[in-house]
Amino acid sequence: TSGSYGVYIGSGSSMTLTDNNLEDIVGNGIKIGSNGQSSLISGNSISNVYNGSYGIYTGSNSGLITISDNNLENIDGTGIYFHSGDGPSISNNSIINASSSGIYINGSANDGLISGNTITDGASSGYGIGFSSNVSNFSVSDNEISNKEYGIFLGDYSDYNVIAGNEIINNTNTGIEIGNNSDNNFVDNNSIKFNGSYGIYGLSNNNLEVGNNIIDSNASYGIYCSNQSSNFNIYD
């Protein structure tokens, strides 16, 4: 299908959107306005989305939603945008050439999984995976991110998150950045190479654990921690 929206649902819960082919859209590929709890968005192909929009957009209070195995390509905007809610699972999606972020979590979200996604190309600005602020207990694992600005960006006041097993290569800025006053986070077993600034950059973080990462050929420091941080633990 083509048009202003591929699929638009104002609000609702327990929806299933699977195996659709959506292309040449001036708007959003799939948009769920709000209250999309316990919904499934899977197996869709979304391409050529224009006008600074989203490939997949889920509105407020979209907890326990599953977004998996979708192919998104040539998105003029963000690939997958999750507004808020607890327990989202975003996994095994392919996001190629999104002009802004690949996956973006707006905030007010907890207990989520972002895993096994491939995100590449499309922006000298934007995140491979980005979090606004005030997110906690997310697992960000086994994603492949390349040719964005930042690889993974964790916003301010975001605690108890795990970033592990990701491959972050050839982004124009920092591989992994942990925002201000984000505490008790764990960064482990990532491969971070050929990025245009820091490998890992921490800002005023307490109890940040960084270990078993392969950090090579980044333009600035491999690991940088600001002097306002405490209990910063680096290990191999």
# chains A, B, ... in the order shown; residues from 1 in each chain; ligands from 1
>>> select_by_dssp(residues="stretch 106-231 of chain A", states="strand (DSSP E)", output="number ranges by chain")
A: 109-110, 113-115, 118-120, 127-131, 135-136, 139-141, 144-146, 150-154, 162-164, 167-169, 176-178, 186-188, 191-193, 200-202, 209-211, 214-216, 223-225
>>> closest_atom_pairs(of="stretch 88-125 of chain A", to="stretch 136-153 of chain A", cutoff="7 Å", atoms="only C-alpha atoms", output="Markdown table")
| residue | atom | partner | partner_atom | distance |
| --- | --- | --- | --- | --- |
| A:Ala109 | CA | A:Ser136 | CA | 6.9 |
| A:Asn110 | CA | A:Ser136 | CA | 4.9 |
| A:Asp111 | CA | A:Asn137 | CA | 4.7 |
| A:Gly112 | CA | A:Phe138 | CA | 4.6 |
| A:Leu113 | CA | A:Ser139 | CA | 4.9 |
| A:Ile114 | CA | A:Val140 | CA | 4.8 |
| A:Ser115 | CA | A:Ser141 | CA | 4.8 |
| A:Gly116 | CA | A:Asn143 | CA | 4.6 |
| A:Asn117 | CA | A:Asn143 | CA | 4.8 |
| A:Thr118 | CA | A:Glu144 | CA | 4.8 |
| A:Ile119 | CA | A:Ile145 | CA | 4.9 |
| A:Thr120 | CA | A:Ser146 | CA | 4.8 |
| A:Asp121 | CA | A:Asn147 | CA | 4.8 |
| A:Gly122 | CA | A:Lys148 | CA | 6.7 |
| A:Ala123 | CA | A:Lys148 | CA | 5.3 |
| A:Ser124 | CA | A:Glu149 | CA | 5.1 |
| A:Ser125 | CA | A:Glu149 | CA | 5.0 |
>>> closest_residue(among="A:Ala98, A:Met15, A:Ile25, A:Ile103", to="A:Tyr57", atoms="only C-alpha atoms")
A:Ile103
>>> residues_around(residues="A:Ser13", least_positions_apart="3", cutoff="7 Å", atoms="only C-alpha atoms", output="JSON, numbers by chain")
{"A": [35, 36, 37, 38, 39]}
>>> residues_around(residues="stretch 76-93 of chain A", least_positions_apart="4", cutoff="8 Å", atoms="only C-alpha atoms", output="PyMOL selection string")
chain A and resi 48-72+98-118
>>> residues_around(residues="A:Ile9", least_positions_apart="2", cutoff="9 Å", atoms="only C-alpha atoms", output="MDAnalysis selection string")
chainID A and resid 7 11:12 30:34
>>> residues_around(residues="A:Gly199", least_positions_apart="6", cutoff="12 Å", atoms="only C-alpha atoms", output="number ranges by chain")
A: 150-153, 167-178, 187, 190-193, 210, 213-225
>>> write_last_selection(atoms="C-alpha atoms", output="tab-separated table (two decimals), in the first residue's frame")
chain	number	residue	atom	x	y	z
A	150	TYR	CA	26.23	7.72	17.82
A	151	GLY	CA	26.09	3.98	18.23
A	152	ILE	CA	24.14	3.72	21.50
A	153	PHE	CA	23.12	6.77	23.52
A	167	GLU	CA	28.89	-4.51	17.49
A	168	ILE	CA	29.30	-0.74	17.04
A	169	ILE	CA	31.46	0.19	14.08
A	170	ASN	CA	32.26	3.22	11.95
A	171	ASN	CA	29.89	5.78	13.46
A	172	THR	CA	30.84	9.44	13.13
A	173	ASN	CA	30.74	10.27	16.85
A	174	THR	CA	30.86	8.16	20.04
A	175	GLY	CA	30.30	4.41	20.17
A	176	ILE	CA	28.44	4.28	23.52
A	177	GLU	CA	27.57	7.37	25.56
A	178	ILE	CA	26.09	7.26	29.08
A	187	VAL	CA	28.56	-2.15	29.62
A	190	ASN	CA	30.80	-5.01	23.12
A	191	SER	CA	32.93	-4.55	20.02
A	192	ILE	CA	33.48	-0.79	19.47
A	193	LYS	CA	35.71	0.11	16.54
A	210	VAL	CA	32.69	-1.47	31.95
A	213	ASN	CA	34.85	-4.85	25.60
A	214	ILE	CA	36.94	-4.80	22.42
A	215	ILE	CA	37.72	-1.12	21.79
A	216	ASP	CA	39.94	-0.36	18.83
A	217	SER	CA	40.81	2.43	16.38
A	218	ASN	CA	38.39	5.07	17.66
A	219	ALA	CA	39.38	8.68	16.96
A	220	SER	CA	39.53	9.79	20.61
A	221	TYR	CA	39.86	8.01	23.96
A	222	GLY	CA	38.83	4.38	24.11
A	223	ILE	CA	37.09	4.94	27.47
A	224	TYR	CA	36.47	8.39	28.97
A	225	CYS	CA	34.84	9.10	32.33
>>> atom_distance(atom1="atom CA of A:Ser47", atom2="atom CA of A:Gly128")
17.9 Å
